file input.txt (compact mmCIF, C-alpha atoms and all ligand atoms)
# COMPACT_ATOMS: atom_id res chain seq x y z
CA MET R 465 20.68 -19.08 -28.56
CA ALA R 466 24.40 -18.21 -28.61
CA GLU R 467 26.70 -20.46 -30.69
CA ASN R 468 29.78 -20.08 -28.55
CA PRO R 469 29.57 -22.07 -25.24
CA ARG R 470 31.06 -19.07 -23.43
CA ASP R 471 28.20 -16.90 -24.74
CA ASN R 472 25.75 -19.57 -23.53
CA LYS R 473 27.30 -19.33 -20.08
CA GLN R 474 26.97 -15.56 -20.15
CA GLU R 475 23.31 -15.86 -21.19
CA ASP R 476 22.72 -18.32 -18.32
CA ASN R 477 24.39 -15.92 -15.88
CA GLU R 478 22.24 -13.07 -17.12
CA ARG R 479 19.08 -15.15 -16.78
CA THR R 480 20.08 -16.26 -13.27
CA SER R 481 20.95 -12.73 -12.28
CA VAL R 482 17.41 -11.62 -13.15
CA VAL R 483 16.13 -14.15 -10.63
CA ILE R 484 18.79 -13.76 -7.96
CA TYR R 485 19.25 -10.01 -7.65
CA PRO R 486 16.74 -7.74 -5.92
CA ASP R 487 14.44 -5.60 -8.01
CA ILE R 488 16.25 -2.30 -8.41
CA LYS R 489 12.96 -0.38 -8.69
CA THR R 490 12.06 -1.25 -5.10
CA ASN R 491 15.69 -1.14 -3.90
CA LEU R 492 16.78 2.29 -5.07
CA PRO R 493 20.58 2.21 -4.66
CA HIS R 494 20.82 5.72 -3.19
CA GLU R 495 18.11 4.93 -0.60
CA ILE R 496 19.71 1.63 0.41
CA THR R 497 23.15 3.26 0.62
CA GLU R 498 21.82 6.14 2.74
CA THR R 499 20.04 3.82 5.17
CA SER R 500 23.05 1.48 5.45
CA PHE R 501 25.33 4.48 5.96
CA GLY R 502 23.02 5.85 8.68
CA LEU R 503 22.93 2.51 10.51
CA GLY R 504 26.71 2.13 10.14
CA MET R 505 27.25 5.63 11.53
CA LEU R 506 24.97 4.91 14.48
CA LEU R 507 26.84 1.69 15.20
CA GLY R 508 30.21 3.44 14.83
CA VAL R 509 29.30 6.30 17.18
CA ALA R 510 27.87 3.86 19.75
CA VAL R 511 30.98 1.64 19.66
CA GLY R 512 33.44 4.57 19.49
CA SER R 513 31.92 6.44 22.45
CA LEU R 514 31.76 3.34 24.70
CA PRO R 515 34.95 4.26 26.67
CA PHE R 516 33.70 7.82 27.32
CA ILE R 517 30.17 7.17 28.51
CA ASN R 518 28.91 6.60 32.07
CA PHE R 519 25.96 4.37 31.25
CA ARG R 520 27.44 1.96 28.68
CA PRO R 521 24.30 -0.20 28.41
CA PHE R 522 22.72 2.70 26.47
CA ASN R 523 25.38 2.28 23.78
CA LEU R 524 24.83 -1.50 23.80
CA TYR R 525 21.13 -0.84 23.16
CA ILE R 526 21.96 1.42 20.18
CA ILE R 527 24.39 -1.22 18.83
CA ALA R 528 21.66 -3.90 19.12
CA LEU R 529 19.16 -1.64 17.35
CA ALA R 530 21.53 -0.77 14.46
CA LEU R 531 22.54 -4.43 13.99
CA PHE R 532 18.93 -5.63 14.09
CA HIS R 533 17.78 -3.28 11.32
CA PHE R 534 20.87 -3.93 9.20
CA LEU R 535 20.38 -7.71 9.48
CA GLU R 536 16.68 -7.49 8.54
CA TYR R 537 17.63 -6.09 5.14
CA TYR R 538 20.85 -8.07 4.69
CA ILE R 539 19.35 -11.52 5.36
CA THR R 540 16.30 -10.80 3.21
CA ALA R 541 18.54 -9.59 0.37
CA LYS R 542 20.82 -12.63 0.65
CA TYR R 543 18.32 -15.45 1.18
CA ASN R 544 15.04 -14.03 -0.12
CA PRO R 545 16.06 -11.56 -2.85
CA LYS R 546 12.73 -11.60 -4.65
CA LYS R 547 11.02 -10.06 -1.63
CA VAL R 548 13.66 -7.52 -0.58
CA ASN R 549 12.85 -3.82 -0.85
CA SER R 550 13.76 -0.62 0.97
CA GLN R 551 11.14 -1.44 3.65
CA SER R 552 13.04 -4.63 4.55
CA PHE R 553 15.17 -2.65 7.02
CA LEU R 554 11.95 -2.62 9.09
CA LEU R 555 12.68 0.97 10.13
CA ASN R 556 9.11 1.94 9.23
CA ASN R 557 7.71 -0.82 11.40
CA GLY R 558 4.58 1.09 12.38
CA ILE R 559 3.98 4.09 14.64
CA GLU R 560 3.78 1.82 17.72
CA TYR R 561 7.28 0.46 17.10
CA THR R 562 8.80 3.95 16.68
CA ALA R 563 6.87 5.20 19.73
CA ALA R 564 8.02 2.22 21.83
CA HIS R 565 11.71 2.87 21.18
CA THR R 566 11.33 6.65 21.57
CA ILE R 567 9.62 6.17 24.95
CA ALA R 568 12.29 3.63 25.97
CA ILE R 569 15.07 6.14 25.20
CA LEU R 570 13.17 8.91 27.04
CA GLU R 571 12.63 6.68 30.09
CA CYS R 572 16.32 5.85 30.16
CA LEU R 573 17.37 9.51 29.89
CA ILE R 574 14.79 10.82 32.40
CA GLU R 575 15.59 8.14 35.01
CA GLY R 576 19.31 8.69 34.47
CA TRP R 577 18.74 12.38 35.19
CA LEU R 578 16.20 12.16 38.06
CA CYS R 579 17.32 8.93 39.78
CA PRO R 580 20.88 8.25 38.57
CA LYS R 581 21.17 5.44 41.14
CA TRP R 582 18.72 3.36 39.11
CA LYS R 583 21.15 3.43 36.21
CA THR R 584 24.27 2.68 38.24
CA TYR R 585 25.08 -0.95 37.79
CA GLN R 586 28.84 -1.03 38.52
CA ASN R 587 28.38 -1.42 42.31
CA SER R 588 25.11 -3.36 42.26
CA THR R 589 25.17 -7.12 41.66
CA PHE R 590 21.40 -7.10 41.11
CA ARG R 591 21.56 -4.51 38.33
CA LYS R 592 24.63 -6.17 36.81
CA ILE R 593 22.71 -9.45 36.58
CA ILE R 594 19.79 -7.66 34.90
CA VAL R 595 22.06 -6.03 32.30
CA ILE R 596 23.89 -9.32 31.60
CA THR R 597 20.55 -11.18 31.29
CA GLY R 598 19.44 -8.48 28.85
CA ILE R 599 22.60 -8.85 26.76
CA ILE R 600 22.12 -12.64 26.63
CA LEU R 601 18.46 -12.25 25.57
CA VAL R 602 19.39 -9.73 22.86
CA ILE R 603 22.06 -12.07 21.45
CA VAL R 604 19.90 -15.21 21.62
CA GLY R 605 16.86 -13.36 20.23
CA GLN R 606 18.84 -11.90 17.33
CA LEU R 607 20.44 -15.27 16.57
CA VAL R 608 17.12 -17.16 16.54
CA ARG R 609 15.43 -14.48 14.39
CA SER R 610 18.28 -14.35 11.86
CA LEU R 611 18.44 -18.16 11.70
CA ALA R 612 14.67 -18.28 11.13
CA MET R 613 14.91 -15.83 8.23
CA HIS R 614 17.81 -17.78 6.76
CA THR R 615 16.10 -21.17 7.18
CA ALA R 616 12.70 -20.10 5.83
CA GLY R 617 14.35 -18.31 2.89
CA LYS R 618 11.78 -17.67 0.15
CA SER R 619 8.93 -18.75 2.45
CA PHE R 620 9.70 -15.86 4.81
CA SER R 621 8.01 -12.51 4.29
CA HIS R 622 7.77 -9.47 6.53
CA ILE R 623 4.10 -9.19 5.60
CA VAL R 624 1.91 -12.19 6.46
CA LYS R 625 0.75 -13.88 3.26
CA VAL R 626 -2.98 -14.41 2.83
CA GLU R 627 -2.60 -16.09 -0.56
CA LYS R 628 -0.20 -18.95 -1.21
CA GLU R 629 2.65 -18.22 -3.60
CA ASN R 630 4.12 -20.96 -5.83
CA ASP R 631 7.48 -21.01 -4.06
CA HIS R 632 5.95 -21.00 -0.55
CA LYS R 633 6.96 -24.30 1.11
CA LEU R 634 6.18 -25.43 4.64
CA VAL R 635 9.35 -25.04 6.67
CA THR R 636 9.83 -27.53 9.51
CA ASN R 637 13.61 -27.90 9.65
CA GLY R 638 16.43 -26.07 11.45
CA VAL R 639 15.18 -23.67 14.15
CA TYR R 640 11.62 -24.48 13.03
CA LEU R 641 12.17 -27.91 14.62
CA ILE R 642 12.40 -26.24 18.04
CA PHE R 643 10.22 -23.13 17.71
CA ARG R 644 7.01 -22.88 15.67
CA HIS R 645 7.51 -19.14 15.15
CA PRO R 646 11.25 -18.63 15.64
CA SER R 647 11.42 -15.13 14.15
CA TYR R 648 8.65 -13.96 16.53
CA PHE R 649 10.26 -15.81 19.45
CA GLY R 650 13.56 -14.11 18.59
CA PHE R 651 12.01 -10.67 18.21
CA PHE R 652 10.04 -11.00 21.47
CA TRP R 653 13.09 -11.89 23.58
CA TRP R 654 15.35 -9.45 21.72
CA ALA R 655 12.94 -6.60 22.55
CA ILE R 656 12.57 -7.66 26.21
CA GLY R 657 16.37 -7.95 26.36
CA THR R 658 16.84 -4.36 25.13
CA GLN R 659 14.71 -3.03 28.00
CA LEU R 660 16.63 -5.11 30.57
CA VAL R 661 19.89 -3.74 29.13
CA LEU R 662 18.53 -0.18 29.59
CA LEU R 663 17.41 -1.00 33.17
CA ASN R 664 14.00 0.44 32.22
CA PRO R 665 11.29 -0.94 34.56
CA LEU R 666 8.35 0.87 32.90
CA THR R 667 9.02 0.08 29.26
CA LEU R 668 9.99 -3.47 30.22
CA VAL R 669 6.45 -4.10 31.44
CA ALA R 670 4.92 -2.09 28.55
CA PHE R 671 6.97 -3.99 25.92
CA ALA R 672 5.95 -7.36 27.43
CA PHE R 673 2.22 -6.45 27.32
CA VAL R 674 2.24 -4.85 23.88
CA LEU R 675 4.35 -7.58 22.27
CA HIS R 676 2.26 -10.30 23.87
CA GLY R 677 -0.95 -8.77 22.46
CA PHE R 678 0.63 -8.20 19.05
CA PHE R 679 2.03 -11.72 18.64
CA SER R 680 -1.13 -13.41 20.03
CA LYS R 681 -3.20 -11.82 17.26
CA ARG R 682 -0.57 -12.17 14.55
CA ILE R 683 0.13 -15.85 15.23
CA ALA R 684 -3.60 -16.74 15.26
CA PHE R 685 -4.09 -14.87 11.94
CA GLU R 686 -0.95 -16.34 10.34
CA GLU R 687 -1.80 -19.89 11.41
CA ARG R 688 -5.33 -19.65 9.95
CA HIS R 689 -3.71 -19.00 6.57
CA LEU R 690 -0.99 -21.61 7.04
CA VAL R 691 -3.72 -24.21 7.65
CA GLU R 692 -5.41 -23.05 4.43
CA PHE R 693 -2.10 -23.33 2.51
CA PHE R 694 -0.75 -26.61 3.89
CA GLY R 695 -3.79 -28.33 5.49
CA ASP R 696 -3.11 -31.39 7.61
CA GLU R 697 0.65 -31.05 7.18
CA TYR R 698 0.56 -27.76 9.12
CA ILE R 699 -1.93 -29.09 11.69
CA GLN R 700 0.43 -31.99 12.45
CA TYR R 701 3.43 -29.63 12.62
CA ARG R 702 1.50 -27.30 14.95
CA LYS R 703 0.77 -30.23 17.27
CA SER R 704 4.41 -31.24 17.53
CA VAL R 705 6.28 -27.91 17.86
CA LYS R 706 5.62 -25.28 20.53
CA ILE R 707 5.74 -21.49 20.26
CA TRP R 708 7.73 -20.85 23.46
CA ILE R 709 6.55 -17.24 23.82
CA PRO R 710 5.06 -17.02 27.34
CA PHE R 711 1.26 -16.83 27.74
CA ILE R 712 0.48 -17.08 24.02
CA LYS R 713 -2.52 -19.37 23.54
CA ASP R 714 -1.18 -22.38 21.66
CA GLN R 715 -3.73 -23.65 19.10
CA GLY R 716 -1.56 -26.73 18.62
CA SER R 717 -2.09 -28.04 22.14
CA SER R 718 -5.89 -27.39 22.22
C1 LIG J 1 7.27 -12.67 9.27
S1 LIG J 1 7.25 -14.31 8.63
C2 LIG J 1 7.24 -15.17 10.19
C3 LIG J 1 7.45 -16.63 10.06
C4 LIG J 1 7.26 -17.39 11.37
N1 LIG J 1 6.01 -17.04 11.99
C5 LIG J 1 8.41 -17.14 12.31
O1 LIG J 1 8.17 -16.53 13.36
O2 LIG J 1 9.52 -17.55 12.01
C6 LIG J 1 5.56 -14.47 8.11
C7 LIG J 1 5.35 -15.42 6.94
O3 LIG J 1 5.91 -16.68 7.22
C8 LIG J 1 5.03 -17.70 6.77
N2 LIG J 1 5.26 -18.86 7.65
C9 LIG J 1 5.13 -18.92 8.98
N3 LIG J 1 5.47 -20.13 9.45
C10 LIG J 1 5.85 -20.86 8.36
C11 LIG J 1 6.33 -22.18 8.17
N4 LIG J 1 6.53 -23.00 9.19
N5 LIG J 1 6.62 -22.57 6.91
C12 LIG J 1 6.43 -21.74 5.86
N6 LIG J 1 5.99 -20.50 5.97
C13 LIG J 1 5.71 -20.04 7.20
C14 LIG J 1 3.65 -17.15 6.88
O4 LIG J 1 2.78 -17.68 5.90
C15 LIG J 1 3.87 -15.64 6.67
O5 LIG J 1 3.57 -15.24 5.34
call {"tool": "encode", "arguments": {"input": "input.txt", "output": "structure tokens"}}
result
Amino acid sequence: MAENPRDNKQEDNERTSVVIYPDIKTNLPHEITETSFGLGMLLGVAVGSLPFINFRPFNLYIIALALFHFLEYYITAKYNPKKVNSQSFLLNNGIEYTAAHTIAILECLIEGWLCPKWKTYQNSTFRKIIVITGIILVIVGQLVRSLAMHTAGKSFSHIVKVEKENDHKLVTNGVYLIFRHPSYFGFFWWAIGTQLVLLNPLTLVAFAFVLHGFFSKRIAFEERHLVEFFGDEYIQYRKSVKIWIPFIKDQGSS
């Protein structure tokens, strides 16, 4: 124990810093810097080339993608530092995720080349409405997901917990008052929004099917464990708050 009160304060700060700051072994500074730099570059190129590009929605899609992955890490690091690691960017989000975005980009490029009319929105009110709807969905989806991660804080984890941790509390406030799975709701509509922005009919349908299947299974699995962790408290919460992702079977209303 330090004798000088200033030394005590320093000791306290050091102890707190051990708790607050992310584990450097799983957050290698050079890796985090490289990934952040890459995402920043992508964002910069997409914003900077906006005035020179014919199909601007493509750049908006890249901006949305760069921001999404940056925010995944940033919000985890800020509000859930014990769980943050280099995977928190969610860039290695499974082969299906990488394939989905690669196919979406290919569809956009191929259609732009073979049927450029499909990607011309300036003189089509219908296509303008689709792009604007997409932009709104991307913004709303991102906002709801980021708010969910902020609100859940330490109770949020990118990997579904199958064993309860000591600091895992049931979250029912903020966006969790409106949506039972706000981060999934946000991700679902964000992803649908990106395909509307790209004016991609094929991947729009594919994204809707794949995401619906993915979240149906994930929510059922996650809720089984949440009932184990929080018992009747979660059952009551599940009865009172809806999921709001279309066609997902709601255990709460059955
Ligand atoms: C990727 S987060 C998703 C959270 C939530 N499903 C959502 O969409 O916002 C997954 C973790 O959140 C936890 N979780 C989900 N809903 C929760 C709640 N209402 N309160 C506390 N933890 C929750 C689960 O136990 C799981 O480990």
call {"tool": "closest_atom_pairs", "arguments": {"input": "input.txt", "of": "chain R", "to": "ligand LIG 1 (chain J)", "cutoff": "7 Å", "atoms": "all atoms listed in the file", "output": "tab-separated table"}}
result
residue	atom	partner	partner_atom	distance
R:Ala612	CA	J:LIG1	O2	5.3
R:Met613	CA	J:LIG1	O2	6.8
R:Ala616	CA	J:LIG1	C12	6.5
R:Ser619	CA	J:LIG1	N6	4.9
R:Phe620	CA	J:LIG1	O3	4.6
R:Ser621	CA	J:LIG1	C7	4.8
R:His622	CA	J:LIG1	C1	4.2
R:Ile623	CA	J:LIG1	C1	6.0
R:Val624	CA	J:LIG1	O5	3.6
R:Lys625	CA	J:LIG1	O5	3.8
R:His632	CA	J:LIG1	C12	6.5
R:Lys633	CA	J:LIG1	C12	5.4
R:Leu634	CA	J:LIG1	N5	3.7
R:Val635	CA	J:LIG1	N5	3.7
R:Thr636	CA	J:LIG1	N4	5.6
R:Tyr640	CA	J:LIG1	N4	6.5
R:Arg644	CA	J:LIG1	N4	6.5
R:His645	CA	J:LIG1	O1	3.2
R:Pro646	CA	J:LIG1	O2	4.2
R:Ser647	CA	J:LIG1	O1	3.6
R:Tyr648	CA	J:LIG1	O1	4.1
R:Phe649	CA	J:LIG1	O1	6.5
R:Ile683	CA	J:LIG1	N1	6.8
R:Glu686	CA	J:LIG1	C14	5.8
R:His689	CA	J:LIG1	O4	6.7
R:Leu690	CA	J:LIG1	O4	5.6
call {"tool": "residues_around", "arguments": {"input": "input.txt", "residues": "region 505-509 of chain R", "least_positions_apart": "6", "cutoff": "7 Å", "atoms": "all atoms listed in the file", "output": "PDB file with C-alpha atoms, keeping the file's coordinate frame"}}
result
ATOM      1  CA  ILE R 526      21.960   1.420  20.180  1.00  0.00           C
ATOM      2  CA  ILE R 527      24.390  -1.220  18.830  1.00  0.00           C
ATOM      3  CA  ALA R 530      21.530  -0.770  14.460  1.00  0.00           C
TER       4      ALA R 530
END
call {"tool": "residues_around", "arguments": {"input": "input.txt", "residues": "region 585-591 of chain R", "least_positions_apart": "2", "cutoff": "12 Å", "atoms": "only C-alpha atoms", "output": "count of residues only"}}
result
21
call {"tool": "closest_atom_pairs", "arguments": {"input": "input.txt", "of": "region 541-651 of chain R", "to": "region 655-658 of chain R", "cutoff": "10 Å", "atoms": "only C-alpha atoms", "output": "tab-separated table"}}
result
residue	atom	partner	partner_atom	distance
R:His565	CA	R:Ala655	CA	9.6
R:Ala568	CA	R:Thr658	CA	9.2
R:Ile594	CA	R:Gly657	CA	9.2
R:Val595	CA	R:Gly657	CA	8.4
R:Ile596	CA	R:Gly657	CA	9.3
R:Thr597	CA	R:Gly657	CA	7.2
R:Gly598	CA	R:Gly657	CA	4.0
R:Ile599	CA	R:Gly657	CA	6.3
R:Ile600	CA	R:Gly657	CA	7.4
R:Leu601	CA	R:Gly657	CA	4.8
R:Val602	CA	R:Gly657	CA	5.0
R:Ile603	CA	R:Gly657	CA	8.6
R:Val604	CA	R:Gly657	CA	9.4
R:Gly605	CA	R:Ala655	CA	8.2
R:Gln606	CA	R:Ala655	CA	9.5
R:Gly650	CA	R:Ala655	CA	8.5
R:Phe651	CA	R:Ala655	CA	6.0
call {"tool": "residues_around", "arguments": {"input": "input.txt", "residues": "region 546-551 of chain R", "least_positions_apart": "4", "cutoff": "6 Å", "atoms": "all atoms listed in the file", "output": "list in words"}}
result
Pro486, Thr490, Asn491, Thr540 and Ala541 of chain R
call {"tool": "atom_distance", "arguments": {"input": "input.txt", "atom1": "CA of Tyr537 (chain R)", "atom2": "CA of Phe553 (chain R)"}}
result
4.6 Å
